[in-house]
Amino acid sequence: MTVVAPAAGPGRPPDREAPPGDAPGHPPMAGYAVGPVAGGKHRAAGPPPVLPAWPVTGLLLLYPLWWALGLGVLIFPILAVPMAYALLRAHLGGRPVRLPPGFWLWAVFLAVLVVSMAALGSEPTGAVPGPASGRMVGVLFRLVEYLAMTVLLIHAGNLTERELPVRRLVRLLGWLFVVTVAGGLLGVFAGTFEFTSPVEMLLPPEIRGRGFVQSLVHPYAAQIHDIIGDQRPRPAAPWGYTNTWGNNFCLLVVWFVVAAWGQVTRRRTRLLALACLAVSVVPVVISLNRGLWIGLGLAAGYVALRLALAGRVWVIGALAAAAVALAAALVVTPLGNVVTARLDNGKSNGVRSYLIGRAVAGVAESPVIGYGSTRTTIGGRHSITVGESADCERCGNFTIGGNGQLWQLLIAHGLTGTFAYLGFLGYGVWRFRRDRSPVGIAGSCAILGSFAAMLWYNALVTPLAFMFLAYALLWRNEGRQADESGHHRTGTPDRR
């Protein structure tokens, strides 16, 4: 792409340098554009269209409202429509719409997503037989959400600093961490809290009573599970499931830390942030979520290692001090007993091992494109005589691919889809590995953490959205750093 300055005019030298927004990694800024003319040359074509930031801002800032309305994860495809329209309008208006690095890998995954639908009528050994039509609703839901995530990634990555500064996007993600902590506390102290949302009221009774629909439109504070000997609430608000709550906690905490300590903030703000982190220990422990505990340990270790390699060795000591303080808090409070009881009661271990075996066996039978969707086991892991009934639609049968994103990819989209999905995220980690800024470390931590989380968490919908926003931040930060480097070399002031 050839970038040119505005046409010369009275009082304007013809060789005036284009503004920073025209540097590699950023779309042309307002007042500068490229446009084809006769002879294959380019000239100024007027101000290019501005990408609106409100769909991204409204999505993140108002997510508690969307949850309360019963929209929840449905808001992503809804807001993807104005995002896609804005991108199309920008493209038609002469503003280049860039695709993220390595996007071809994600495009392969989307293609496999569609092609694998041809296998919806096939069954792996040990799965409940069923027609392809009966699985189409879930498949279409996932396809729409994956497409919405794609639009979100492209739209957020094409926003300029003038339209949505990186710092503001980081703060919006940090805000959602505060929302996650608040939802966790609600689940701890008001675990039975729930209500009928406006969207739920509008649905016919025969539809809103279904378990899948309830998980989408019915807001509740916690899931009630018997894991350590009695029924206890496990935080879920506003993310629908306890596992999703734990996954999002890990993905968002790094941005909260960057917003509080990696940017210019007041001392009072940092003290409040420290208090929020301290309070968050309560729902983290009460959630009984071992995957969350492992994820936080991996994230802390990775960030400390990156900072130590950058010369901030003192971080290792700070991490050790924090670990000692946490251990002391567990010893002197009842939270320690909860952790001990959870570690002594691994009720889900057998089920997870059983489902992993079913997923691996399934991909061996259909290795290229998988089966297009998840499958349900015949009976349970001990007997084939148990199963769902009219009184309990989720009894007995287990979902193959419902115990982690990796296993869902394997059973639903085979090795081709799995390699494309992992390849895209892995390429992002490799591409931005030299970014030692707070945004660079937090973004790579979020994406790398997803590789561990996919062993026990499913990523669709909100965890994948936050992974893609981390990707977009890394992508934009690369362009911003290139711009700043160019300004230092040329002495051009930053006019963004």
# chains A, B, ... in the order shown; residues from 1 in each chain; ligands from 1
>>> select_by_dssp(residues="range 251-411 of chain A", states="helix (DSSP H, G or I)", output="mmCIF file with N, CA and C atoms, in the first residue's frame")
data_model
loop_
_atom_site.group_PDB
_atom_site.id
_atom_site.type_symbol
_atom_site.label_atom_id
_atom_site.label_comp_id
_atom_site.auth_asym_id
_atom_site.auth_seq_id
_atom_site.Cartn_x
_atom_site.Cartn_y
_atom_site.Cartn_z
ATOM 1 N N LEU A 251 -8.552 -14.412 32.802
ATOM 2 C CA LEU A 251 -8.295 -13.612 31.609
ATOM 3 C C LEU A 251 -8.327 -12.118 31.893
ATOM 4 N N LEU A 252 -9.132 -11.695 32.865
ATOM 5 C CA LEU A 252 -9.336 -10.266 33.113
ATOM 6 C C LEU A 252 -8.434 -9.694 34.193
ATOM 7 N N VAL A 253 -7.952 -10.518 35.110
ATOM 8 C CA VAL A 253 -7.168 -9.986 36.220
ATOM 9 C C VAL A 253 -5.883 -9.320 35.731
ATOM 10 N N VAL A 254 -5.299 -9.828 34.647
ATOM 11 C CA VAL A 254 -4.058 -9.230 34.147
ATOM 12 C C VAL A 254 -4.313 -7.815 33.637
ATOM 13 N N TRP A 255 -5.476 -7.591 33.026
ATOM 14 C CA TRP A 255 -5.788 -6.237 32.539
ATOM 15 C C TRP A 255 -6.120 -5.302 33.695
ATOM 16 N N PHE A 256 -6.712 -5.842 34.738
ATOM 17 C CA PHE A 256 -6.968 -5.021 35.928
ATOM 18 C C PHE A 256 -5.647 -4.544 36.539
ATOM 19 N N VAL A 257 -4.675 -5.438 36.588
ATOM 20 C CA VAL A 257 -3.365 -5.073 37.132
ATOM 21 C C VAL A 257 -2.689 -4.034 36.248
ATOM 22 N N VAL A 258 -2.789 -4.203 34.925
ATOM 23 C CA VAL A 258 -2.187 -3.225 34.010
ATOM 24 C C VAL A 258 -2.869 -1.874 34.165
ATOM 25 N N ALA A 259 -4.197 -1.873 34.275
ATOM 26 C CA ALA A 259 -4.917 -0.610 34.421
ATOM 27 C C ALA A 259 -4.547 0.105 35.709
ATOM 28 N N ALA A 260 -4.278 -0.655 36.773
ATOM 29 C CA ALA A 260 -4.003 -0.050 38.079
ATOM 30 C C ALA A 260 -2.534 0.300 38.270
ATOM 31 N N TRP A 261 -1.628 -0.530 37.732
ATOM 32 C CA TRP A 261 -0.200 -0.305 37.988
ATOM 33 C C TRP A 261 0.636 -0.102 36.727
ATOM 34 N N GLY A 262 0.137 -0.513 35.589
ATOM 35 C CA GLY A 262 0.920 -0.364 34.364
ATOM 36 C C GLY A 262 0.658 0.931 33.644
ATOM 37 N N ARG A 267 -2.547 7.283 43.490
ATOM 38 C CA ARG A 267 -2.231 6.374 44.580
ATOM 39 C C ARG A 267 -3.494 5.812 45.202
ATOM 40 N N ARG A 268 -4.526 6.638 45.313
ATOM 41 C CA ARG A 268 -5.782 6.173 45.893
ATOM 42 C C ARG A 268 -6.393 5.073 45.030
ATOM 43 N N THR A 269 -6.290 5.226 43.711
ATOM 44 C CA THR A 269 -6.812 4.211 42.797
ATOM 45 C C THR A 269 -6.092 2.893 42.990
ATOM 46 N N ARG A 270 -4.795 2.947 43.175
ATOM 47 C CA ARG A 270 -4.018 1.721 43.359
ATOM 48 C C ARG A 270 -4.357 1.044 44.686
ATOM 49 N N LEU A 271 -4.624 1.833 45.717
ATOM 50 C CA LEU A 271 -5.019 1.241 47.001
ATOM 51 C C LEU A 271 -6.369 0.540 46.887
ATOM 52 N N LEU A 272 -7.302 1.171 46.144
ATOM 53 C CA LEU A 272 -8.603 0.536 45.925
ATOM 54 C C LEU A 272 -8.447 -0.740 45.104
ATOM 55 N N ALA A 273 -7.545 -0.701 44.133
ATOM 56 C CA ALA A 273 -7.299 -1.891 43.318
ATOM 57 C C ALA A 273 -6.722 -3.020 44.160
ATOM 58 N N LEU A 274 -5.817 -2.665 45.062
ATOM 59 C CA LEU A 274 -5.237 -3.669 45.949
ATOM 60 C C LEU A 274 -6.307 -4.274 46.852
ATOM 61 N N ALA A 275 -7.229 -3.445 47.329
ATOM 62 C CA ALA A 275 -8.327 -3.940 48.164
ATOM 63 C C ALA A 275 -9.231 -4.875 47.365
ATOM 64 N N CYS A 276 -9.479 -4.537 46.109
ATOM 65 C CA CYS A 276 -10.311 -5.384 45.256
ATOM 66 C C CYS A 276 -9.668 -6.754 45.068
ATOM 67 N N LEU A 277 -8.356 -6.780 44.832
ATOM 68 C CA LEU A 277 -7.647 -8.050 44.673
ATOM 69 C C LEU A 277 -7.714 -8.882 45.953
ATOM 70 N N ALA A 278 -7.573 -8.209 47.102
ATOM 71 C CA ALA A 278 -7.628 -8.929 48.372
ATOM 72 C C ALA A 278 -9.011 -9.538 48.599
ATOM 73 N N VAL A 279 -10.054 -8.763 48.316
ATOM 74 C CA VAL A 279 -11.420 -9.245 48.510
ATOM 75 C C VAL A 279 -11.739 -10.385 47.551
ATOM 76 N N SER A 280 -11.142 -10.340 46.352
ATOM 77 C CA SER A 280 -11.450 -11.361 45.348
ATOM 78 C C SER A 280 -11.011 -12.755 45.765
ATOM 79 N N VAL A 281 -10.130 -12.851 46.763
ATOM 80 C CA VAL A 281 -9.691 -14.166 47.239
ATOM 81 C C VAL A 281 -10.874 -14.982 47.748
ATOM 82 N N VAL A 282 -11.854 -14.304 48.345
ATOM 83 C CA VAL A 282 -13.000 -15.012 48.929
ATOM 84 C C VAL A 282 -13.781 -15.785 47.860
ATOM 85 N N PRO A 283 -14.295 -15.125 46.795
ATOM 86 C CA PRO A 283 -15.024 -15.917 45.793
ATOM 87 C C PRO A 283 -14.134 -16.888 45.032
ATOM 88 N N VAL A 284 -12.845 -16.565 44.886
ATOM 89 C CA VAL A 284 -11.939 -17.493 44.205
ATOM 90 C C VAL A 284 -11.859 -18.814 44.968
ATOM 91 N N VAL A 285 -11.749 -18.741 46.285
ATOM 92 C CA VAL A 285 -11.658 -19.952 47.094
ATOM 93 C C VAL A 285 -13.015 -20.655 47.165
ATOM 94 N N ILE A 286 -14.069 -19.902 47.418
ATOM 95 C CA ILE A 286 -15.400 -20.482 47.570
ATOM 96 C C ILE A 286 -15.881 -21.128 46.265
ATOM 97 N N ARG A 290 -10.690 -25.593 40.864
ATOM 98 C CA ARG A 290 -9.260 -25.912 40.826
ATOM 99 C C ARG A 290 -8.592 -25.390 39.563
ATOM 100 N N GLY A 291 -9.325 -25.373 38.454
ATOM 101 C CA GLY A 291 -8.765 -24.821 37.227
ATOM 102 C C GLY A 291 -8.417 -23.356 37.383
ATOM 103 N N LEU A 292 -9.250 -22.613 38.106
ATOM 104 C CA LEU A 292 -8.974 -21.204 38.389
ATOM 105 C C LEU A 292 -7.726 -21.066 39.235
ATOM 106 N N TRP A 293 -7.586 -21.890 40.237
ATOM 107 C CA TRP A 293 -6.407 -21.809 41.103
ATOM 108 C C TRP A 293 -5.129 -22.087 40.314
ATOM 109 N N ILE A 294 -5.181 -23.115 39.478
ATOM 110 C CA ILE A 294 -4.007 -23.432 38.656
ATOM 111 C C ILE A 294 -3.708 -22.285 37.688
ATOM 112 N N GLY A 295 -4.762 -21.744 37.074
ATOM 113 C CA GLY A 295 -4.579 -20.660 36.115
ATOM 114 C C GLY A 295 -3.954 -19.423 36.731
ATOM 115 N N LEU A 296 -4.390 -19.071 37.939
ATOM 116 C CA LEU A 296 -3.811 -17.899 38.608
ATOM 117 C C LEU A 296 -2.343 -18.133 38.942
ATOM 118 N N GLY A 297 -2.009 -19.347 39.370
ATOM 119 C CA GLY A 297 -0.612 -19.654 39.656
ATOM 120 C C GLY A 297 0.252 -19.563 38.415
ATOM 121 N N LEU A 298 -0.239 -20.094 37.290
ATOM 122 C CA LEU A 298 0.512 -20.029 36.041
ATOM 123 C C LEU A 298 0.668 -18.585 35.569
ATOM 124 N N ALA A 299 -0.402 -17.794 35.684
ATOM 125 C CA ALA A 299 -0.344 -16.395 35.251
ATOM 126 C C ALA A 299 0.663 -15.608 36.078
ATOM 127 N N ALA A 300 0.623 -15.792 37.398
ATOM 128 C CA ALA A 300 1.560 -15.072 38.268
ATOM 129 C C ALA A 300 3.000 -15.471 37.956
ATOM 130 N N GLY A 301 3.229 -16.756 37.758
ATOM 131 C CA GLY A 301 4.573 -17.215 37.446
ATOM 132 C C GLY A 301 5.071 -16.684 36.107
ATOM 133 N N TYR A 302 4.186 -16.664 35.102
ATOM 134 C CA TYR A 302 4.593 -16.183 33.777
ATOM 135 C C TYR A 302 4.930 -14.700 33.806
ATOM 136 N N VAL A 303 4.063 -13.903 34.427
ATOM 137 C CA VAL A 303 4.310 -12.462 34.492
ATOM 138 C C VAL A 303 5.597 -12.171 35.263
ATOM 139 N N ALA A 304 5.805 -12.871 36.377
ATOM 140 C CA ALA A 304 7.023 -12.656 37.160
ATOM 141 C C ALA A 304 8.267 -13.009 36.347
ATOM 142 N N LEU A 305 8.177 -14.093 35.576
ATOM 143 C CA LEU A 305 9.326 -14.498 34.754
ATOM 144 C C LEU A 305 9.618 -13.466 33.675
ATOM 145 N N ARG A 306 8.577 -12.981 32.997
ATOM 146 C CA ARG A 306 8.785 -11.971 31.948
ATOM 147 C C ARG A 306 9.395 -10.704 32.517
ATOM 148 N N LEU A 307 8.911 -10.266 33.682
ATOM 149 C CA LEU A 307 9.447 -9.050 34.285
ATOM 150 C C LEU A 307 10.874 -9.264 34.774
ATOM 151 N N ALA A 308 11.165 -10.436 35.302
ATOM 152 C CA ALA A 308 12.526 -10.731 35.762
ATOM 153 C C ALA A 308 13.499 -10.735 34.589
ATOM 154 N N LEU A 309 13.079 -11.307 33.461
ATOM 155 C CA LEU A 309 13.934 -11.313 32.275
ATOM 156 C C LEU A 309 14.167 -9.910 31.729
ATOM 157 N N TRP A 314 13.168 -7.873 41.262
ATOM 158 C CA TRP A 314 12.467 -7.680 42.521
ATOM 159 C C TRP A 314 11.060 -8.288 42.497
ATOM 160 N N VAL A 315 10.522 -8.489 41.273
ATOM 161 C CA VAL A 315 9.176 -9.054 41.159
ATOM 162 C C VAL A 315 9.122 -10.464 41.738
ATOM 163 N N ILE A 316 10.204 -11.212 41.616
ATOM 164 C CA ILE A 316 10.243 -12.565 42.170
ATOM 165 C C ILE A 316 10.038 -12.517 43.680
ATOM 166 N N GLY A 317 10.718 -11.574 44.328
ATOM 167 C CA GLY A 317 10.538 -11.419 45.767
ATOM 168 C C GLY A 317 9.132 -10.988 46.128
ATOM 169 N N ALA A 318 8.569 -10.093 45.315
ATOM 170 C CA ALA A 318 7.196 -9.644 45.573
ATOM 171 C C ALA A 318 6.211 -10.788 45.426
ATOM 172 N N LEU A 319 6.430 -11.642 44.431
ATOM 173 C CA LEU A 319 5.548 -12.788 44.229
ATOM 174 C C LEU A 319 5.652 -13.763 45.400
ATOM 175 N N ALA A 320 6.870 -13.977 45.886
ATOM 176 C CA ALA A 320 7.059 -14.873 47.029
ATOM 177 C C ALA A 320 6.366 -14.312 48.272
ATOM 178 N N ALA A 321 6.473 -12.993 48.474
ATOM 179 C CA ALA A 321 5.816 -12.368 49.624
ATOM 180 C C ALA A 321 4.299 -12.487 49.526
ATOM 181 N N ALA A 322 3.762 -12.316 48.303
ATOM 182 C CA ALA A 322 2.317 -12.445 48.107
ATOM 183 C C ALA A 322 1.858 -13.872 48.378
ATOM 184 N N ALA A 323 2.670 -14.844 47.959
ATOM 185 C CA ALA A 323 2.322 -16.247 48.196
ATOM 186 C C ALA A 323 2.303 -16.555 49.687
ATOM 187 N N VAL A 324 3.263 -16.008 50.428
ATOM 188 C CA VAL A 324 3.311 -16.217 51.876
ATOM 189 C C VAL A 324 2.096 -15.584 52.546
ATOM 190 N N ALA A 325 1.740 -14.370 52.112
ATOM 191 C CA ALA A 325 0.582 -13.689 52.683
ATOM 192 C C ALA A 325 -0.701 -14.468 52.408
ATOM 193 N N LEU A 326 -0.828 -15.025 51.184
ATOM 194 C CA LEU A 326 -2.010 -15.804 50.845
ATOM 195 C C LEU A 326 -2.079 -17.081 51.685
ATOM 196 N N ALA A 327 -0.945 -17.748 51.835
ATOM 197 C CA ALA A 327 -0.920 -18.969 52.646
ATOM 198 C C ALA A 327 -1.307 -18.673 54.084
ATOM 199 N N ALA A 328 -0.811 -17.539 54.617
ATOM 200 C CA ALA A 328 -1.153 -17.164 55.989
ATOM 201 C C ALA A 328 -2.645 -16.888 56.125
ATOM 202 N N ALA A 329 -3.220 -16.229 55.102
ATOM 203 C CA ALA A 329 -4.653 -15.932 55.147
ATOM 204 C C ALA A 329 -5.471 -17.220 55.130
ATOM 205 N N LEU A 330 -5.027 -18.207 54.380
ATOM 206 C CA LEU A 330 -5.750 -19.474 54.331
ATOM 207 C C LEU A 330 -5.647 -20.228 55.654
ATOM 208 N N VAL A 331 -4.524 -20.044 56.335
ATOM 209 C CA VAL A 331 -4.330 -20.750 57.605
ATOM 210 C C VAL A 331 -5.201 -20.154 58.705
ATOM 211 N N VAL A 332 -5.292 -18.836 58.764
ATOM 212 C CA VAL A 332 -5.979 -18.177 59.884
ATOM 213 C C VAL A 332 -7.465 -17.931 59.610
ATOM 214 N N LEU A 335 -11.215 -20.194 55.045
ATOM 215 C CA LEU A 335 -10.989 -20.475 53.632
ATOM 216 C C LEU A 335 -10.019 -21.635 53.443
ATOM 217 N N GLY A 336 -9.070 -21.783 54.372
ATOM 218 C CA GLY A 336 -8.121 -22.877 54.274
ATOM 219 C C GLY A 336 -8.802 -24.234 54.335
ATOM 220 N N ASN A 337 -9.824 -24.357 55.173
ATOM 221 C CA ASN A 337 -10.565 -25.614 55.276
ATOM 222 C C ASN A 337 -11.301 -25.937 53.975
ATOM 223 N N VAL A 338 -11.781 -24.881 53.312
ATOM 224 C CA VAL A 338 -12.478 -25.081 52.037
ATOM 225 C C VAL A 338 -11.511 -25.623 50.984
ATOM 226 N N VAL A 339 -10.318 -25.040 50.928
ATOM 227 C CA VAL A 339 -9.313 -25.506 49.963
ATOM 228 C C VAL A 339 -8.946 -26.962 50.238
ATOM 229 N N THR A 340 -8.714 -27.287 51.496
ATOM 230 C CA THR A 340 -8.345 -28.661 51.860
ATOM 231 C C THR A 340 -9.447 -29.644 51.489
ATOM 232 N N ALA A 341 -10.696 -29.282 51.790
ATOM 233 C CA ALA A 341 -11.822 -30.158 51.472
ATOM 234 C C ALA A 341 -11.953 -30.364 49.966
ATOM 235 N N ARG A 342 -11.707 -29.292 49.196
ATOM 236 C CA ARG A 342 -11.814 -29.418 47.735
ATOM 237 C C ARG A 342 -10.729 -30.331 47.177
ATOM 238 N N LEU A 343 -9.528 -30.203 47.674
ATOM 239 C CA LEU A 343 -8.437 -31.035 47.189
ATOM 240 C C LEU A 343 -8.635 -32.499 47.563
ATOM 241 N N ASP A 344 -9.384 -32.730 48.651
ATOM 242 C CA ASP A 344 -9.654 -34.111 49.078
ATOM 243 C C ASP A 344 -10.859 -34.727 48.371
ATOM 244 N N LYS A 347 -14.315 -35.264 42.808
ATOM 245 C CA LYS A 347 -15.413 -36.024 42.228
ATOM 246 C C LYS A 347 -15.459 -35.942 40.705
ATOM 247 N N SER A 348 -14.981 -34.839 40.144
ATOM 248 C CA SER A 348 -15.078 -34.678 38.697
ATOM 249 C C SER A 348 -13.923 -35.322 37.944
ATOM 250 N N ASN A 349 -12.921 -35.804 38.664
ATOM 251 C CA ASN A 349 -11.754 -36.363 37.981
ATOM 252 C C ASN A 349 -12.118 -37.553 37.101
ATOM 253 N N GLY A 350 -12.922 -38.465 37.646
ATOM 254 C CA GLY A 350 -13.296 -39.650 36.892
ATOM 255 C C GLY A 350 -14.114 -39.312 35.663
ATOM 256 N N VAL A 351 -15.056 -38.376 35.794
ATOM 257 C CA VAL A 351 -15.885 -37.977 34.664
ATOM 258 C C VAL A 351 -15.039 -37.327 33.579
ATOM 259 N N ARG A 352 -14.123 -36.451 33.996
ATOM 260 C CA ARG A 352 -13.269 -35.782 33.022
ATOM 261 C C ARG A 352 -12.394 -36.786 32.269
ATOM 262 N N SER A 353 -11.816 -37.730 32.988
ATOM 263 C CA SER A 353 -10.980 -38.744 32.330
ATOM 264 C C SER A 353 -11.798 -39.563 31.349
ATOM 265 N N TYR A 354 -13.017 -39.914 31.750
ATOM 266 C CA TYR A 354 -13.905 -40.693 30.887
ATOM 267 C C TYR A 354 -14.217 -39.920 29.607
ATOM 268 N N LEU A 355 -14.539 -38.631 29.723
ATOM 269 C CA LEU A 355 -14.898 -37.823 28.558
ATOM 270 C C LEU A 355 -13.693 -37.549 27.665
ATOM 271 N N ILE A 356 -12.518 -37.384 28.255
ATOM 272 C CA ILE A 356 -11.307 -37.212 27.449
ATOM 273 C C ILE A 356 -11.074 -38.458 26.598
ATOM 274 N N GLY A 357 -11.251 -39.625 27.207
ATOM 275 C CA GLY A 357 -11.104 -40.872 26.460
ATOM 276 C C GLY A 357 -12.098 -40.978 25.325
ATOM 277 N N ARG A 358 -13.359 -40.550 25.565
ATOM 278 C CA ARG A 358 -14.374 -40.583 24.513
ATOM 279 C C ARG A 358 -14.018 -39.625 23.377
ATOM 280 N N ALA A 359 -13.490 -38.444 23.717
ATOM 281 C CA ALA A 359 -13.125 -37.464 22.691
ATOM 282 C C ALA A 359 -11.966 -37.969 21.845
ATOM 283 N N VAL A 360 -10.956 -38.550 22.478
ATOM 284 C CA VAL A 360 -9.800 -39.072 21.747
ATOM 285 C C VAL A 360 -10.223 -40.229 20.847
ATOM 286 N N ALA A 361 -11.079 -41.107 21.363
ATOM 287 C CA ALA A 361 -11.573 -42.209 20.541
ATOM 288 C C ALA A 361 -12.394 -41.694 19.364
ATOM 289 N N GLY A 362 -13.166 -40.633 19.588
ATOM 290 C CA GLY A 362 -13.979 -40.066 18.515
ATOM 291 C C GLY A 362 -13.148 -39.459 17.413
ATOM 292 N N VAL A 363 -12.095 -38.737 17.772
ATOM 293 C CA VAL A 363 -11.257 -38.114 16.743
ATOM 294 C C VAL A 363 -10.470 -39.166 15.976
ATOM 295 N N ALA A 364 -10.216 -40.295 16.599
ATOM 296 C CA ALA A 364 -9.542 -41.386 15.883
ATOM 297 C C ALA A 364 -10.449 -41.957 14.797
ATOM 298 N N GLU A 365 -11.769 -41.900 15.002
ATOM 299 C CA GLU A 365 -12.714 -42.421 14.017
ATOM 300 C C GLU A 365 -13.008 -41.405 12.915
ATOM 301 N N GLN A 405 -12.192 -26.839 25.967
ATOM 302 C CA GLN A 405 -12.179 -26.399 24.576
ATOM 303 C C GLN A 405 -11.388 -27.345 23.680
ATOM 304 N N LEU A 406 -10.283 -27.882 24.169
ATOM 305 C CA LEU A 406 -9.470 -28.780 23.357
ATOM 306 C C LEU A 406 -10.268 -30.014 22.950
ATOM 307 N N TRP A 407 -10.987 -30.594 23.895
ATOM 308 C CA TRP A 407 -11.746 -31.810 23.610
ATOM 309 C C TRP A 407 -12.944 -31.511 22.725
ATOM 310 N N GLN A 408 -13.523 -30.327 22.862
ATOM 311 C CA GLN A 408 -14.618 -29.944 21.971
ATOM 312 C C GLN A 408 -14.122 -29.753 20.548
ATOM 313 N N LEU A 409 -12.957 -29.128 20.393
ATOM 314 C CA LEU A 409 -12.388 -28.945 19.060
ATOM 315 C C LEU A 409 -12.116 -30.293 18.404
ATOM 316 N N LEU A 410 -11.558 -31.217 19.162
ATOM 317 C CA LEU A 410 -11.199 -32.512 18.597
ATOM 318 C C LEU A 410 -12.431 -33.286 18.142
ATOM 319 N N ILE A 411 -13.454 -33.376 18.978
ATOM 320 C CA ILE A 411 -14.624 -34.164 18.627
ATOM 321 C C ILE A 411 -15.473 -33.463 17.573
#
>>> closest_residue(among="A:Phe432, A:Tyr241, A:Phe177, A:Phe451", to="Pro64 in chain A", atoms="only C-alpha atoms")
A:Phe177
>>> closest_atom_pairs(of="range 131-239 of chain A", to="range 96-103 of chain A", cutoff="10 Å", atoms="only C-alpha atoms", output="Markdown table")
| residue | atom | partner | partner_atom | distance |
| --- | --- | --- | --- | --- |
| A:Thr150 | CA | A:Phe103 | CA | 9.7 |
| A:Leu153 | CA | A:Pro100 | CA | 7.9 |
| A:Ile154 | CA | A:Leu99 | CA | 6.2 |
| A:His155 | CA | A:Val97 | CA | 8.7 |
| A:Gly157 | CA | A:Pro100 | CA | 7.2 |
| A:Asn158 | CA | A:Arg98 | CA | 6.5 |
| A:Leu159 | CA | A:Val97 | CA | 9.8 |
>>> write_last_selection(atoms="all heavy atoms", output="mmCIF file, in the first residue's frame")
data_model
loop_
_atom_site.group_PDB
_atom_site.id
_atom_site.type_symbol
_atom_site.label_atom_id
_atom_site.label_comp_id
_atom_site.auth_asym_id
_atom_site.auth_seq_id
_atom_site.Cartn_x
_atom_site.Cartn_y
_atom_site.Cartn_z
ATOM 1 N N THR A 150 -15.098 -13.086 15.453
ATOM 2 C CA THR A 150 -14.229 -12.672 14.360
ATOM 3 C C THR A 150 -14.419 -11.193 14.046
ATOM 4 O O THR A 150 -13.444 -10.451 13.873
ATOM 5 C CB THR A 150 -14.525 -13.516 13.104
ATOM 6 O OG1 THR A 150 -14.416 -14.908 13.424
ATOM 7 C CG2 THR A 150 -13.558 -13.184 11.987
ATOM 8 N N LEU A 153 -12.857 -9.048 16.789
ATOM 9 C CA LEU A 153 -11.403 -8.979 16.672
ATOM 10 C C LEU A 153 -10.981 -7.979 15.596
ATOM 11 O O LEU A 153 -10.104 -7.131 15.827
ATOM 12 C CB LEU A 153 -10.858 -10.372 16.346
ATOM 13 C CG LEU A 153 -9.380 -10.461 15.957
ATOM 14 C CD1 LEU A 153 -8.485 -9.975 17.082
ATOM 15 C CD2 LEU A 153 -9.028 -11.891 15.561
ATOM 16 N N ILE A 154 -11.592 -8.068 14.416
ATOM 17 C CA ILE A 154 -11.209 -7.181 13.320
ATOM 18 C C ILE A 154 -11.572 -5.740 13.639
ATOM 19 O O ILE A 154 -10.783 -4.815 13.400
ATOM 20 C CB ILE A 154 -11.881 -7.648 12.013
ATOM 21 C CG1 ILE A 154 -11.382 -9.051 11.637
ATOM 22 C CG2 ILE A 154 -11.589 -6.673 10.882
ATOM 23 C CD1 ILE A 154 -12.105 -9.655 10.449
ATOM 24 N N HIS A 155 -12.755 -5.537 14.190
ATOM 25 C CA HIS A 155 -13.195 -4.171 14.500
ATOM 26 C C HIS A 155 -12.311 -3.548 15.576
ATOM 27 O O HIS A 155 -11.833 -2.415 15.417
ATOM 28 C CB HIS A 155 -14.656 -4.189 14.962
ATOM 29 C CG HIS A 155 -15.246 -2.827 15.136
ATOM 30 N ND1 HIS A 155 -15.148 -2.120 16.302
ATOM 31 C CD2 HIS A 155 -15.958 -2.037 14.288
ATOM 32 C CE1 HIS A 155 -15.763 -0.960 16.175
ATOM 33 N NE2 HIS A 155 -16.259 -0.879 14.965
ATOM 34 N N GLY A 157 -9.308 -4.341 16.408
ATOM 35 C CA GLY A 157 -7.948 -4.179 15.924
ATOM 36 C C GLY A 157 -7.767 -3.042 14.948
ATOM 37 O O GLY A 157 -6.660 -2.536 14.781
ATOM 38 N N ASN A 158 -8.845 -2.627 14.277
ATOM 39 C CA ASN A 158 -8.760 -1.539 13.308
ATOM 40 C C ASN A 158 -9.057 -0.166 13.900
ATOM 41 O O ASN A 158 -8.892 0.842 13.218
ATOM 42 C CB ASN A 158 -9.724 -1.805 12.142
ATOM 43 C CG ASN A 158 -9.111 -2.695 11.085
ATOM 44 O OD1 ASN A 158 -8.424 -2.236 10.175
ATOM 45 N ND2 ASN A 158 -9.336 -3.995 11.219
ATOM 46 N N LEU A 159 -9.506 -0.124 15.138
ATOM 47 C CA LEU A 159 -9.723 1.171 15.783
ATOM 48 C C LEU A 159 -8.396 1.867 16.024
ATOM 49 O O LEU A 159 -7.413 1.240 16.413
ATOM 50 C CB LEU A 159 -10.463 0.980 17.113
ATOM 51 C CG LEU A 159 -11.917 0.511 17.022
ATOM 52 C CD1 LEU A 159 -12.431 0.116 18.393
ATOM 53 C CD2 LEU A 159 -12.789 1.611 16.423
#
>>> closest_residue(among="A:Leu288, A:Val73, A:Leu61, A:Ile227", to="Phe141 in chain A", atoms="only C-alpha atoms")
A:Val73
>>> closest_residue(among="A:Arg436, A:Arg95, A:Arg142, A:Arg135", to="Pro77 in chain A", atoms="only C-alpha atoms")
A:Arg142
>>> atom_distance(atom1="CA of Leu65 in chain A", atom2="CA of Gly246 in chain A")
20.4 Å
>>> residues_around(residues="Ile75 in chain A", least_positions_apart="2", cutoff="12 Å", atoms="only C-alpha atoms", output="ChimeraX atom specification")
/A:55-56,58-60,62-73,77-82,144-145,148-149,152,199,216-217,461-462,465
